[in-house]
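Colleague: One file: start-v4.txt (compact mmCIF, C-alpha atoms and all ligand atoms).
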```txt
# COMPACT_ATOMS: atom_id res chain seq x y z
CA MET Q 1 -9.76 -17.77 -3.79
CA ASN Q 2 -9.61 -14.38 -2.06
CA ASN Q 3 -12.28 -11.73 -2.61
CA PHE Q 4 -11.30 -9.18 -5.22
CA GLU Q 5 -12.37 -6.28 -7.39
CA PHE Q 6 -10.93 -6.16 -10.87
CA TYR Q 7 -10.98 -2.84 -12.70
CA ASN Q 8 -8.90 -1.95 -15.72
CA PRO Q 9 -10.08 0.89 -17.93
CA THR Q 10 -7.07 1.08 -20.28
CA ARG Q 11 -7.89 0.63 -23.96
CA ILE Q 12 -5.21 -1.40 -25.73
CA VAL Q 13 -4.72 -0.71 -29.43
CA PHE Q 14 -2.40 -3.42 -30.69
CA GLY Q 15 -0.56 -4.02 -33.95
CA GLU Q 16 1.54 -2.67 -36.77
CA GLY Q 17 0.66 0.82 -37.93
CA THR Q 18 -1.50 1.69 -34.93
CA VAL Q 19 0.28 4.96 -34.06
CA ALA Q 20 -2.00 6.56 -36.67
CA ARG Q 21 -4.94 5.77 -34.37
CA LEU Q 22 -3.82 8.61 -32.08
CA ASP Q 23 -5.98 10.92 -34.12
CA ASP Q 24 -9.12 9.08 -32.92
CA LEU Q 25 -7.88 8.44 -29.40
CA VAL Q 26 -6.76 11.91 -28.33
CA PRO Q 27 -9.56 14.49 -27.93
CA ALA Q 28 -9.67 16.78 -30.99
CA ASN Q 29 -9.34 20.01 -29.00
CA ALA Q 30 -6.68 18.73 -26.56
CA ARG Q 31 -3.55 20.69 -25.72
CA VAL Q 32 -1.06 17.83 -25.74
CA LEU Q 33 2.32 17.51 -24.04
CA VAL Q 34 4.31 14.60 -25.49
CA LEU Q 35 6.75 13.18 -22.92
CA PHE Q 36 9.68 11.00 -23.93
CA GLY Q 37 13.06 9.74 -22.76
CA GLY Q 38 16.56 10.33 -24.14
CA GLU Q 39 17.03 10.24 -27.87
CA SER Q 40 15.53 6.88 -28.89
CA ALA Q 41 12.03 8.15 -29.72
CA ARG Q 42 13.43 10.86 -31.96
CA LYS Q 43 16.12 8.69 -33.59
CA THR Q 44 13.76 5.85 -34.43
CA GLY Q 45 11.23 8.21 -36.02
CA THR Q 46 8.47 7.31 -33.56
CA LEU Q 47 8.26 10.85 -32.23
CA ASP Q 48 7.72 12.30 -35.71
CA GLU Q 49 5.10 9.69 -36.46
CA VAL Q 50 3.30 10.57 -33.23
CA LYS Q 51 3.34 14.29 -33.98
CA GLN Q 52 2.08 13.68 -37.49
CA ALA Q 53 -0.79 11.57 -36.17
CA LEU Q 54 -1.76 14.35 -33.74
CA GLY Q 55 -2.36 16.64 -36.74
CA ASN Q 56 -3.35 20.21 -35.98
CA ARG Q 57 -3.68 19.85 -32.23
CA HIS Q 58 -1.61 22.14 -30.03
CA VAL Q 59 1.40 19.91 -29.29
CA ALA Q 60 4.62 20.48 -27.34
CA GLU Q 61 7.46 18.15 -26.35
CA PHE Q 62 9.08 17.34 -23.03
CA GLY Q 63 12.15 15.12 -23.47
CA GLY Q 64 14.86 13.89 -21.14
CA ILE Q 65 12.96 11.55 -18.82
CA GLU Q 66 15.74 9.21 -17.73
CA PRO Q 67 15.61 5.44 -17.12
CA ASN Q 68 14.38 5.18 -13.51
CA PRO Q 69 12.67 8.56 -13.87
CA THR Q 70 13.67 11.16 -11.33
CA TYR Q 71 11.45 13.36 -9.26
CA GLU Q 72 13.76 16.25 -10.11
CA THR Q 73 13.19 15.92 -13.90
CA LEU Q 74 9.48 15.15 -13.58
CA MET Q 75 8.85 18.29 -11.52
CA LYS Q 76 10.18 20.31 -14.48
CA ALA Q 77 7.44 18.78 -16.63
CA VAL Q 78 4.90 19.67 -13.93
CA ALA Q 79 6.02 23.30 -14.08
CA VAL Q 80 5.69 23.38 -17.90
CA ILE Q 81 2.16 21.98 -17.72
CA GLU Q 82 1.04 24.35 -14.99
CA GLN Q 83 2.39 27.28 -16.97
CA ASP Q 84 1.11 26.33 -20.43
CA GLN Q 85 -2.16 24.66 -19.43
CA PHE Q 86 -1.75 21.33 -21.19
CA ASP Q 87 -4.76 19.10 -20.64
CA PHE Q 88 -3.65 15.80 -22.17
CA LEU Q 89 -0.33 13.96 -21.78
CA LEU Q 90 1.14 11.42 -24.17
CA ALA Q 91 4.00 9.17 -23.02
CA VAL Q 92 6.21 7.82 -25.83
CA GLY Q 93 8.67 5.27 -24.52
CA GLY Q 94 9.20 2.44 -22.05
CA GLY Q 95 8.24 2.00 -18.43
CA SER Q 96 10.29 4.96 -17.27
CA VAL Q 97 8.51 7.45 -19.51
CA ILE Q 98 5.08 6.01 -18.76
CA ASP Q 99 5.74 5.89 -15.01
CA GLY Q 100 7.09 9.42 -15.14
CA THR Q 101 4.00 10.59 -16.98
CA LYS Q 102 1.77 8.99 -14.35
CA PHE Q 103 3.55 10.92 -11.64
CA VAL Q 104 3.41 14.18 -13.62
CA ALA Q 105 -0.32 13.66 -14.30
CA ALA Q 106 -0.97 13.37 -10.58
CA ALA Q 107 1.48 16.05 -9.42
CA VAL Q 108 0.08 18.92 -11.55
CA ASN Q 109 -1.84 21.28 -9.27
CA PHE Q 110 -1.28 18.87 -6.40
CA ASP Q 111 -2.31 20.32 -3.06
CA GLY Q 112 0.81 19.90 -0.91
CA ASP Q 113 4.32 18.52 -1.39
CA PRO Q 114 4.28 16.30 -4.51
CA TRP Q 115 6.92 13.96 -3.04
CA SER Q 116 4.28 12.96 -0.47
CA ILE Q 117 2.55 11.11 -3.36
CA LEU Q 118 5.39 8.59 -3.11
CA GLU Q 119 5.55 8.64 0.68
CA LYS Q 120 1.83 7.90 0.86
CA ARG Q 121 2.08 5.40 -2.04
CA GLY Q 122 -0.52 7.36 -4.05
CA ARG Q 123 -3.35 7.29 -1.50
CA ASN Q 124 -3.43 11.10 -1.40
CA ILE Q 125 -4.03 11.61 -5.15
CA SER Q 126 -7.40 13.25 -5.82
CA HIS Q 127 -7.11 14.08 -9.53
CA ALA Q 128 -4.84 13.44 -12.50
CA ILE Q 129 -4.57 14.79 -16.04
CA PRO Q 130 -5.71 12.17 -18.58
CA PHE Q 131 -2.94 10.56 -20.58
CA GLY Q 132 -2.20 7.84 -23.11
CA SER Q 133 0.94 6.00 -24.11
CA VAL Q 134 2.81 4.72 -27.14
CA LEU Q 135 4.86 1.82 -25.80
CA THR Q 136 8.33 1.22 -27.23
CA LEU Q 137 9.70 -1.34 -24.74
CA PRO Q 138 7.80 -4.40 -23.51
CA ALA Q 139 8.73 -5.02 -19.87
CA THR Q 140 6.99 -3.24 -17.04
CA GLY Q 141 3.27 -3.50 -17.82
CA SER Q 142 3.01 0.20 -16.95
CA GLU Q 143 1.04 0.67 -20.19
CA MET Q 144 -1.96 -1.11 -18.67
CA ASN Q 145 -1.66 -0.65 -14.92
CA SER Q 146 -2.05 2.00 -12.26
CA GLY Q 147 1.42 1.83 -10.70
CA ALA Q 148 4.64 3.79 -11.15
CA VAL Q 149 8.06 4.03 -9.56
CA VAL Q 150 9.89 7.35 -9.09
CA THR Q 151 13.46 8.03 -7.93
CA ASN Q 152 14.40 10.98 -5.75
CA LYS Q 153 18.05 11.57 -6.58
CA ALA Q 154 18.67 13.83 -3.61
CA LEU Q 155 17.23 11.29 -1.16
CA LYS Q 156 18.57 8.21 -3.02
CA ALA Q 157 15.06 6.81 -2.71
CA LYS Q 158 13.19 4.84 -5.37
CA LEU Q 159 9.58 4.42 -4.28
CA PRO Q 160 6.39 3.06 -5.88
CA PHE Q 161 2.92 4.56 -5.89
CA ALA Q 162 -0.40 3.46 -7.34
CA SER Q 163 -3.81 5.02 -7.90
CA PRO Q 164 -6.82 4.14 -10.06
CA LEU Q 165 -6.57 7.74 -11.31
CA VAL Q 166 -3.37 6.99 -13.23
CA TYR Q 167 -4.42 4.17 -15.51
CA PRO Q 168 -3.54 5.25 -19.06
CA ALA Q 169 -6.71 6.08 -21.03
CA PHE Q 170 -5.19 4.08 -23.89
CA SER Q 171 -1.92 2.47 -24.88
CA ILE Q 172 -0.74 1.86 -28.40
CA LEU Q 173 1.31 -1.32 -28.73
CA ASP Q 174 2.98 -1.57 -32.12
CA PRO Q 175 5.51 -4.44 -32.01
CA VAL Q 176 7.46 -2.89 -34.91
CA LYS Q 177 8.39 -0.01 -32.60
CA THR Q 178 10.40 -2.49 -30.51
CA PHE Q 179 12.66 -3.70 -33.35
CA THR Q 180 15.22 -1.00 -32.52
CA LEU Q 181 15.73 -2.05 -28.90
CA PRO Q 182 19.29 -2.93 -27.87
CA ALA Q 183 19.60 -6.64 -26.94
CA LYS Q 184 20.21 -5.66 -23.32
CA GLN Q 185 16.82 -3.96 -23.08
CA VAL Q 186 15.09 -6.96 -24.66
CA SER Q 187 16.65 -9.28 -22.06
CA ASN Q 188 15.73 -6.85 -19.32
CA GLY Q 189 12.14 -6.82 -20.53
CA VAL Q 190 11.88 -10.61 -20.53
CA ALA Q 191 13.37 -10.82 -17.03
CA ASP Q 192 11.14 -8.06 -15.64
CA ALA Q 193 7.93 -9.54 -17.06
CA PHE Q 194 9.00 -13.01 -15.85
CA THR Q 195 9.53 -11.71 -12.33
CA HIS Q 196 6.19 -9.85 -12.34
CA ILE Q 197 4.44 -13.14 -13.00
CA ILE Q 198 6.47 -14.92 -10.32
CA GLU Q 199 5.67 -12.22 -7.72
CA GLN Q 200 1.94 -12.88 -8.19
CA TYR Q 201 2.11 -16.66 -8.66
CA LEU Q 202 4.90 -18.16 -6.59
CA THR Q 203 3.44 -17.64 -3.12
CA TYR Q 204 1.22 -20.30 -1.52
CA PRO Q 205 -1.77 -22.21 -2.91
CA ALA Q 206 -4.97 -20.14 -2.81
CA ASN Q 207 -7.17 -22.13 -5.16
CA GLY Q 208 -6.77 -19.58 -7.91
CA LEU Q 209 -6.85 -22.29 -10.54
CA VAL Q 210 -7.24 -20.06 -13.56
CA GLN Q 211 -4.82 -17.45 -12.17
CA ASP Q 212 -2.23 -20.22 -11.83
CA ARG Q 213 -2.82 -21.52 -15.34
CA PHE Q 214 -2.69 -18.02 -16.81
CA ALA Q 215 0.55 -17.34 -14.95
CA GLU Q 216 2.11 -20.64 -16.03
CA GLY Q 217 1.08 -19.99 -19.65
CA LEU Q 218 2.71 -16.57 -19.57
CA LEU Q 219 5.88 -17.97 -17.95
CA GLN Q 220 6.08 -20.79 -20.50
CA THR Q 221 5.65 -18.30 -23.33
CA LEU Q 222 8.55 -16.21 -22.01
CA VAL Q 223 10.75 -19.29 -21.66
CA GLU Q 224 9.87 -20.26 -25.22
CA ILE Q 225 10.25 -16.91 -26.97
CA GLY Q 226 12.71 -14.96 -24.78
CA PRO Q 227 15.88 -16.43 -26.31
CA LYS Q 228 14.31 -16.48 -29.81
CA VAL Q 229 13.56 -12.74 -29.78
CA LEU Q 230 17.22 -12.10 -29.01
CA GLU Q 231 18.31 -14.23 -31.98
CA ASP Q 232 15.73 -12.90 -34.40
CA PRO Q 233 15.07 -9.26 -33.46
CA GLU Q 234 12.99 -8.33 -36.51
CA ASN Q 235 10.56 -11.24 -36.22
CA TYR Q 236 7.17 -9.53 -35.90
CA GLU Q 237 5.32 -12.52 -34.41
CA LEU Q 238 7.91 -13.00 -31.68
CA ARG Q 239 7.91 -9.29 -30.87
CA ALA Q 240 4.11 -9.22 -30.81
CA ASN Q 241 3.95 -12.14 -28.40
CA LEU Q 242 6.58 -10.67 -26.12
CA MET Q 243 4.74 -7.36 -26.05
CA TRP Q 244 1.40 -8.91 -25.14
CA VAL Q 245 2.88 -11.24 -22.51
CA ALA Q 246 4.64 -8.34 -20.78
CA THR Q 247 1.38 -6.37 -20.68
CA LEU Q 248 -0.66 -9.29 -19.34
CA ALA Q 249 2.02 -10.03 -16.76
CA LEU Q 250 1.13 -6.91 -14.80
CA ASN Q 251 -2.29 -5.60 -15.73
CA GLY Q 252 -4.00 -6.93 -12.61
CA LEU Q 253 -5.54 -10.02 -14.16
CA ILE Q 254 -3.28 -12.79 -12.87
CA GLY Q 255 -2.93 -11.18 -9.45
CA ALA Q 256 -6.67 -10.81 -8.76
CA GLY Q 257 -7.87 -13.05 -5.94
CA VAL Q 258 -4.46 -14.51 -5.07
CA PRO Q 259 -1.70 -13.58 -2.60
CA GLN Q 260 1.19 -11.50 -3.94
CA ASP Q 261 4.81 -11.26 -2.91
CA TRP Q 262 6.78 -8.25 -4.33
CA ALA Q 263 9.69 -8.61 -1.86
CA THR Q 264 12.11 -9.12 -4.77
CA HIS Q 265 10.98 -5.85 -6.34
CA MET Q 266 11.28 -3.84 -3.13
CA VAL Q 267 14.82 -5.08 -2.49
CA GLY Q 268 15.65 -4.61 -6.18
CA HIS Q 269 14.54 -0.96 -6.05
CA GLU Q 270 17.16 -0.30 -3.36
CA LEU Q 271 19.88 -1.78 -5.59
CA THR Q 272 18.86 0.60 -8.37
CA ALA Q 273 18.66 3.59 -6.02
CA LEU Q 274 22.10 2.91 -4.54
CA TYR Q 275 24.07 1.54 -7.49
CA GLY Q 276 22.10 2.43 -10.64
CA ILE Q 277 21.72 -1.22 -11.70
CA ASP Q 278 18.97 -1.69 -14.33
CA HIS Q 279 15.64 -2.63 -12.73
CA ALA Q 280 15.38 -6.07 -14.35
CA ARG Q 281 18.96 -6.94 -13.46
CA THR Q 282 18.30 -6.22 -9.79
CA LEU Q 283 15.45 -8.75 -9.96
CA ALA Q 284 17.73 -11.37 -11.50
CA ILE Q 285 20.08 -10.90 -8.55
CA VAL Q 286 17.42 -10.91 -5.83
CA LEU Q 287 14.82 -13.43 -6.99
CA PRO Q 288 16.96 -16.61 -6.94
CA GLY Q 289 18.20 -15.67 -3.46
CA MET Q 290 14.65 -14.99 -2.23
CA LEU Q 291 13.50 -18.38 -3.48
CA ASP Q 292 16.53 -19.98 -1.91
CA VAL Q 293 15.93 -18.64 1.60
CA ARG Q 294 12.12 -18.87 1.47
CA ARG Q 295 11.96 -22.36 -0.02
CA GLU Q 296 10.00 -23.76 2.91
CA SER Q 297 7.16 -21.27 2.96
CA LYS Q 298 6.95 -21.40 -0.85
CA ALA Q 299 7.44 -25.19 -1.13
CA GLU Q 300 4.06 -26.12 -2.60
CA LYS Q 301 4.13 -23.48 -5.30
CA LEU Q 302 7.83 -24.09 -6.04
CA LEU Q 303 6.99 -27.74 -6.75
CA GLN Q 304 4.05 -26.77 -8.96
CA TYR Q 305 6.09 -24.15 -10.83
CA GLY Q 306 8.98 -26.60 -11.27
CA GLU Q 307 6.71 -29.26 -12.68
CA ARG Q 308 4.50 -27.14 -14.90
CA VAL Q 309 7.00 -24.58 -16.21
CA TRP Q 310 10.32 -26.45 -16.12
CA ASN Q 311 9.06 -30.04 -16.36
CA ILE Q 312 10.95 -31.00 -13.19
CA ARG Q 313 9.30 -34.24 -12.00
CA GLU Q 314 12.15 -36.47 -10.82
CA GLY Q 315 13.67 -36.70 -7.35
CA SER Q 316 12.62 -35.91 -3.80
CA GLU Q 317 10.70 -32.73 -3.05
CA ALA Q 318 13.87 -31.07 -1.76
CA GLU Q 319 15.76 -32.02 -4.91
CA ARG Q 320 13.00 -30.78 -7.19
CA ILE Q 321 12.86 -27.46 -5.35
CA GLU Q 322 16.63 -27.06 -5.65
CA LYS Q 323 16.50 -27.82 -9.39
CA THR Q 324 13.65 -25.36 -9.85
CA ILE Q 325 15.55 -22.52 -8.18
CA GLN Q 326 18.59 -23.32 -10.30
CA ALA Q 327 16.46 -23.36 -13.47
CA THR Q 328 15.24 -19.86 -12.61
CA ARG Q 329 18.77 -18.54 -12.11
CA LYS Q 330 19.92 -20.24 -15.34
CA PHE Q 331 17.03 -18.72 -17.27
CA PHE Q 332 18.18 -15.20 -16.38
CA GLU Q 333 21.77 -16.13 -17.22
CA SER Q 334 20.64 -17.57 -20.58
CA LEU Q 335 19.44 -14.05 -21.37
CA SER Q 336 22.97 -12.75 -20.65
CA ILE Q 337 21.85 -11.27 -17.33
CA PRO Q 338 24.35 -11.98 -14.53
CA THR Q 339 22.67 -13.00 -11.27
CA ARG Q 340 25.41 -12.54 -8.65
CA LEU Q 341 26.29 -9.37 -6.73
CA PRO Q 342 30.02 -9.60 -7.60
CA ASP Q 343 29.07 -9.57 -11.31
CA TYR Q 344 28.01 -5.96 -10.66
CA GLY Q 345 31.11 -5.06 -8.64
CA LEU Q 346 29.36 -5.50 -5.28
CA ASP Q 347 30.33 -7.66 -2.34
CA GLU Q 348 29.27 -8.49 1.19
CA SER Q 349 30.01 -4.97 2.39
CA SER Q 350 27.25 -3.55 0.13
CA ILE Q 351 24.60 -5.62 1.85
CA ASP Q 352 24.58 -3.48 5.02
CA ASP Q 353 23.80 -0.39 2.96
CA ILE Q 354 20.96 -2.13 1.12
CA ILE Q 355 19.43 -3.33 4.38
CA SER Q 356 19.66 0.16 5.94
CA GLN Q 357 17.81 1.56 2.92
CA LEU Q 358 15.06 -1.03 3.28
CA GLU Q 359 14.65 -0.10 6.93
CA ARG Q 360 14.62 3.60 6.09
CA HIS Q 361 11.81 3.01 3.60
CA GLY Q 362 9.73 0.85 5.91
CA MET Q 363 10.32 -2.26 3.79
CA THR Q 364 10.62 -4.49 6.84
CA LYS Q 365 7.64 -6.83 6.56
CA LEU Q 366 7.63 -7.83 2.91
CA GLY Q 367 6.24 -10.82 1.04
CA GLU Q 368 2.96 -12.69 0.94
CA HIS Q 369 3.15 -13.46 4.67
CA GLY Q 370 4.71 -10.16 5.73
CA ASP Q 371 7.58 -12.21 7.14
CA VAL Q 372 10.40 -10.99 4.93
CA THR Q 373 12.24 -9.01 7.57
CA PRO Q 374 15.49 -7.18 6.90
CA GLU Q 375 17.24 -10.33 8.17
CA ILE Q 376 15.55 -12.47 5.49
CA SER Q 377 16.37 -9.87 2.82
CA ARG Q 378 19.98 -9.99 4.01
CA ARG Q 379 20.09 -13.76 3.67
CA ALA Q 380 18.50 -13.55 0.21
CA LEU Q 381 21.24 -11.15 -0.90
CA GLU Q 382 23.93 -13.33 0.69
CA ALA Q 383 22.59 -16.26 -1.36
CA SER Q 384 23.48 -14.29 -4.52
CA LEU Q 385 27.05 -13.46 -3.49
O1 LIG F 1 15.74 7.09 -23.00
P1 LIG F 1 15.69 6.58 -24.40
O2 LIG F 1 16.68 7.20 -25.31
O3 LIG F 1 14.28 6.61 -24.94
O4 LIG F 1 16.17 5.03 -24.37
C1 LIG F 1 15.48 4.05 -23.63
C2 LIG F 1 16.19 3.75 -22.30
O5 LIG F 1 17.55 4.08 -22.35
C3 LIG F 1 15.60 2.75 -24.37
N1 LIG F 1 14.51 2.50 -25.31
C4 LIG F 1 13.17 2.45 -25.06
N2 LIG F 1 12.50 2.10 -26.17
C5 LIG F 1 13.41 1.95 -27.15
C6 LIG F 1 14.69 2.21 -26.62
N3 LIG F 1 15.80 2.12 -27.35
C7 LIG F 1 15.67 1.78 -28.65
N4 LIG F 1 14.48 1.51 -29.23
C8 LIG F 1 13.33 1.57 -28.52
N5 LIG F 1 12.16 1.24 -29.08
O6 LIG F 1 15.54 1.75 -23.37
C9 LIG F 1 16.12 2.25 -22.18
C10 LIG F 1 15.35 1.77 -20.98
O7 LIG F 1 14.06 2.34 -20.96
P2 LIG F 1 13.14 2.28 -19.64
O8 LIG F 1 11.86 2.92 -19.96
O9 LIG F 1 13.92 2.77 -18.48
O10 LIG F 1 12.96 0.70 -19.42
P3 LIG F 1 11.79 -0.13 -18.81
O11 LIG F 1 10.62 -0.17 -19.72
O12 LIG F 1 12.41 -1.41 -18.42
O13 LIG F 1 11.33 0.69 -17.52
C11 LIG F 1 12.01 0.59 -16.30
C12 LIG F 1 11.33 1.45 -15.25
O14 LIG F 1 9.99 0.97 -14.96
C13 LIG F 1 9.84 0.71 -13.57
C14 LIG F 1 11.26 0.37 -13.16
O15 LIG F 1 11.44 0.46 -11.76
C15 LIG F 1 12.08 1.37 -13.92
O16 LIG F 1 12.09 2.62 -13.27
N6 LIG F 1 8.81 -0.29 -13.33
C16 LIG F 1 7.53 0.07 -13.47
C17 LIG F 1 6.48 -0.79 -13.16
C18 LIG F 1 5.07 -0.39 -13.30
N7 LIG F 1 4.77 0.84 -13.63
O17 LIG F 1 4.17 -1.19 -13.09
C19 LIG F 1 6.71 -2.15 -12.67
C20 LIG F 1 8.12 -2.60 -12.83
O18 LIG F 1 8.36 -3.58 -11.84
C21 LIG F 1 9.16 -1.55 -12.71
O19 LIG F 1 9.45 -1.30 -11.35
ZN ZN F 2 9.53 -5.01 -12.42
```
I'd like the structure from this file rewritten - as structure tokens, please.
Ligand code: NZQ
Ligand code: ZN
Modeller:
Amino acid sequence: MNNFEFYNPTRIVFGEGTVARLDDLVPANARVLVLFGGESARKTGTLDEVKQALGNRHVAEFGGIEPNPTYETLMKAVAVIEQDQFDFLLAVGGGSVIDGTKFVAAAVNFDGDPWSILEKRGRNISHAIPFGSVLTLPATGSEMNSGAVVTNKALKAKLPFASPLVYPAFSILDPVKTFTLPAKQVSNGVADAFTHIIEQYLTYPANGLVQDRFAEGLLQTLVEIGPKVLEDPENYELRANLMWVATLALNGLIGAGVPQDWATHMVGHELTALYGIDHARTLAIVLPGMLDVRRESKAEKLLQYGERVWNIREGSEAERIEKTIQATRKFFESLSIPTRLPDYGLDESSIDDIISQLERHGMTKLGEHGDVTPEISRRALEASL
């Protein structure tokens, strides 16, 4: 096992009716800016419930954070905060709103050009406004991690950053708040959480025995409940399990002490930046191709994953690996997520543009061995034509 430090200060408050706990969780004298997305938080009544729970505190709203939050929109929130001296932020929404809030928290009174936070991947953050979240979409794990992804529309760049200063102080996870999600967002959430686990698990053996078993348990749970949640959207127990799996998939626990990949995510981000494809759908396109072209360096873990998650035990090693990759692609497709570039109106000619973007963003030595060059990324994309 590799050396590691594990730190996660986010308080999770889980269960039905927990929005009311905001009154205890937010400082009594805070000046609170509530950040949210399009209209879902208002339409579903969550926003009203949040404001009621905040009682007599000074509260204002900032809406309009789009899926794949943009730098342009987030800088408007920064200006509001600098002008009106808010000292606590509350994100109400999915990964986009929480990620956006992380960036805003760090960009307020930032010394220098705030876009450099993304260019330097968060290493230049020295302070951030405290914030909490009310999660309405289980998918990204943003509610309990220190990472975020921001899109610069003008530059067509979607870049990640991370800093221990942007862990949420708390996150409220009420599964009932996810009942209103469109089926597409539920599928996206399952696929995103699934891929987060794979990025931290499906590398090479590192004697992380418990990390492997945790990861396999989370993957098995997603395989078991993913399709059921889609069939039975108001089933509280299914929703609760999906919500907790998605959080555990990317809160640092399963990735501590083991190698990590993330090549699929970095290539996926370029697909979103260029073509606006939903984050999770980009992963469903890229991951099967990545496994296909990297099957040799990932052979041992592919065999383990195939056996323990998909019960693939018959045939030669090469056959089992092939079946395992196919099972992964079929899983995404069983969630009604297409996995081929042409399903999204793209063809071979798009691949050059994606590769140029990767090069522009320095994404040229990706993966657990740093050997995913633009050429390997190209072959991974070609495998999903
Ligand atoms: O904008 P509104 O109207 O609120 O609608 C949203 C949005 O259109 C809707 N929605 C959310 N909760 C709802 C709801 N609709 C009905 N009922 C509810 N309860 O869902 C749509 C998608 O929301 P979004 O927040 O964009 O989705 P998601 O949670 O999948 O977040 C995706 C973003 O997170 C980033 C992605 O790159 C992408 O930008 N990621 C963040 C990560 C992290 N911080 O660790 C890791 C991930 O790999 C990912 O990159
Ligand atoms: Zn993701």
Colleague: Kindly compile the residues surrounding ligand LIG 1 (chain F) within 7 Å, counting all atoms listed in the file, and format them as a compact mmCIF listing (two decimals) with C-alpha atoms, keeping the file's coordinate frame.
Modeller:
```
# COMPACT_ATOMS: atom_id res chain seq x y z
CA PHE Q 36 9.68 11.00 -23.93
CA GLY Q 37 13.06 9.74 -22.76
CA GLY Q 38 16.56 10.33 -24.14
CA GLU Q 39 17.03 10.24 -27.87
CA SER Q 40 15.53 6.88 -28.89
CA ALA Q 41 12.03 8.15 -29.72
CA THR Q 44 13.76 5.85 -34.43
CA ILE Q 65 12.96 11.55 -18.82
CA GLU Q 66 15.74 9.21 -17.73
CA PRO Q 67 15.61 5.44 -17.12
CA ASN Q 68 14.38 5.18 -13.51
CA PRO Q 69 12.67 8.56 -13.87
CA GLY Q 93 8.67 5.27 -24.52
CA GLY Q 94 9.20 2.44 -22.05
CA GLY Q 95 8.24 2.00 -18.43
CA SER Q 96 10.29 4.96 -17.27
CA VAL Q 97 8.51 7.45 -19.51
CA ASP Q 99 5.74 5.89 -15.01
CA THR Q 136 8.33 1.22 -27.23
CA LEU Q 137 9.70 -1.34 -24.74
CA PRO Q 138 7.80 -4.40 -23.51
CA ALA Q 139 8.73 -5.02 -19.87
CA THR Q 140 6.99 -3.24 -17.04
CA GLY Q 141 3.27 -3.50 -17.82
CA SER Q 142 3.01 0.20 -16.95
CA ASN Q 145 -1.66 -0.65 -14.92
CA GLY Q 147 1.42 1.83 -10.70
CA ALA Q 148 4.64 3.79 -11.15
CA VAL Q 149 8.06 4.03 -9.56
CA VAL Q 150 9.89 7.35 -9.09
CA LYS Q 177 8.39 -0.01 -32.60
CA THR Q 178 10.40 -2.49 -30.51
CA PHE Q 179 12.66 -3.70 -33.35
CA THR Q 180 15.22 -1.00 -32.52
CA LEU Q 181 15.73 -2.05 -28.90
CA PRO Q 182 19.29 -2.93 -27.87
CA GLN Q 185 16.82 -3.96 -23.08
CA ASN Q 188 15.73 -6.85 -19.32
CA GLY Q 189 12.14 -6.82 -20.53
CA ASP Q 192 11.14 -8.06 -15.64
CA HIS Q 196 6.19 -9.85 -12.34
CA LEU Q 250 1.13 -6.91 -14.80
CA HIS Q 265 10.98 -5.85 -6.34
CA HIS Q 269 14.54 -0.96 -6.05
CA HIS Q 279 15.64 -2.63 -12.73
CA ALA Q 280 15.38 -6.07 -14.35
```
Colleague: If you count all atoms listed in the file, which residues fall within 7 Å of Phe14 in chain Q, apart from same-chain ones fewer than 2 positions away, as a ChimeraX atom specification?
Modeller: /Q:12,18,172-174
Colleague: Go through Q:Thr10, Q:Thr195, Q:Ser336, Q:Thr101 and flag the residue nearest ligand ZN 2 (chain F), using only C-alpha atoms and all ligand atoms for the distances.
Modeller: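 Looking only at the distances to ligand ZN 2 (chain F), the closest residue turns out to be Q:Thr195.
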Colleague: Given the point (1.7, 3.9, -24.5) in the coordinates of this file, which residues lie within 8 Å, counting only C-alpha atoms, and how would they look as a list of chain:residue names?
Modeller: Q:Leu90, Q:Ala91, Q:Val92, Q:Gly93, Q:Ile98, Q:Gly132, Q:Ser133, Q:Val134, Q:Leu135, Q:Thr136, Q:Glu143, Q:Pro168, Q:Phe170, Q:Ser171, Q:Ile172, Q:Leu173
Colleague: Which residues, written as an MDAnalysis selection string, have at least one atom at most 8 Å from Ile337 in chain Q, with all atoms listed in the file counted and residues fewer than 3 positions away on the same chain left out?
Modeller: chainID Q and resid 187:188 281 284 332:334
Colleague: Taking all atoms listed in the file into account, name the residue in Q:Val267, Q:Met290, Q:Leu89, Q:Val176 that is nearest to ligand ZN 2 (chain F).
Modeller: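 Looking at the shortest contact to ligand ZN 2 (chain F), the residue is Q:Val267.
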Colleague: Quick check, in Å to one decimal: how far apart do CA of Thr203 in chain Q and CA of Pro374 in chain Q lie?
Modeller: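 Value for the CA of Thr203 in chain Q-CA of Pro374 in chain Q distance: 18.8 Å.
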Colleague: What does the distance from CA of Ala193 in chain Q to CA of Thr70 in chain Q come to in Å, to one decimal?
Modeller: 22.2 Å
Colleague: Considering all atoms listed in the file, state which residue in the set Q:Gly268, Q:Gly17, Q:Pro227, Q:Pro205 is at the smallest distance from ligand ZN 2 (chain F).
Modeller: Q:Gly268
Colleague: Rank nothing, just name the residue among Q:Asn124, Q:Val34, Q:Gly306, Q:Glu300 nearest to Thr46 in chain Q, using all atoms listed in the file.
Modeller: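 Going through Q:Asn124, Q:Val34, Q:Gly306, Q:Glu300 one by one, the smallest distance to Thr46 in chain Q is for Q:Val34.
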Colleague: With all atoms listed in the file as the counted atoms, please give the residues lying no more than 12 Å from Leu274 in chain Q, apart from itself and same-chain residues fewer than 4 positions off, as a PyMOL selection string.
Modeller: chain Q and resi 151-158+267-270+278-279+282+346+350-358
Colleague: Find the distance between CA of Asn2 in chain Q and CA of Gly257 in chain Q and write it in Å to one decimal.
Modeller: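 It comes out at 4.5 Å.
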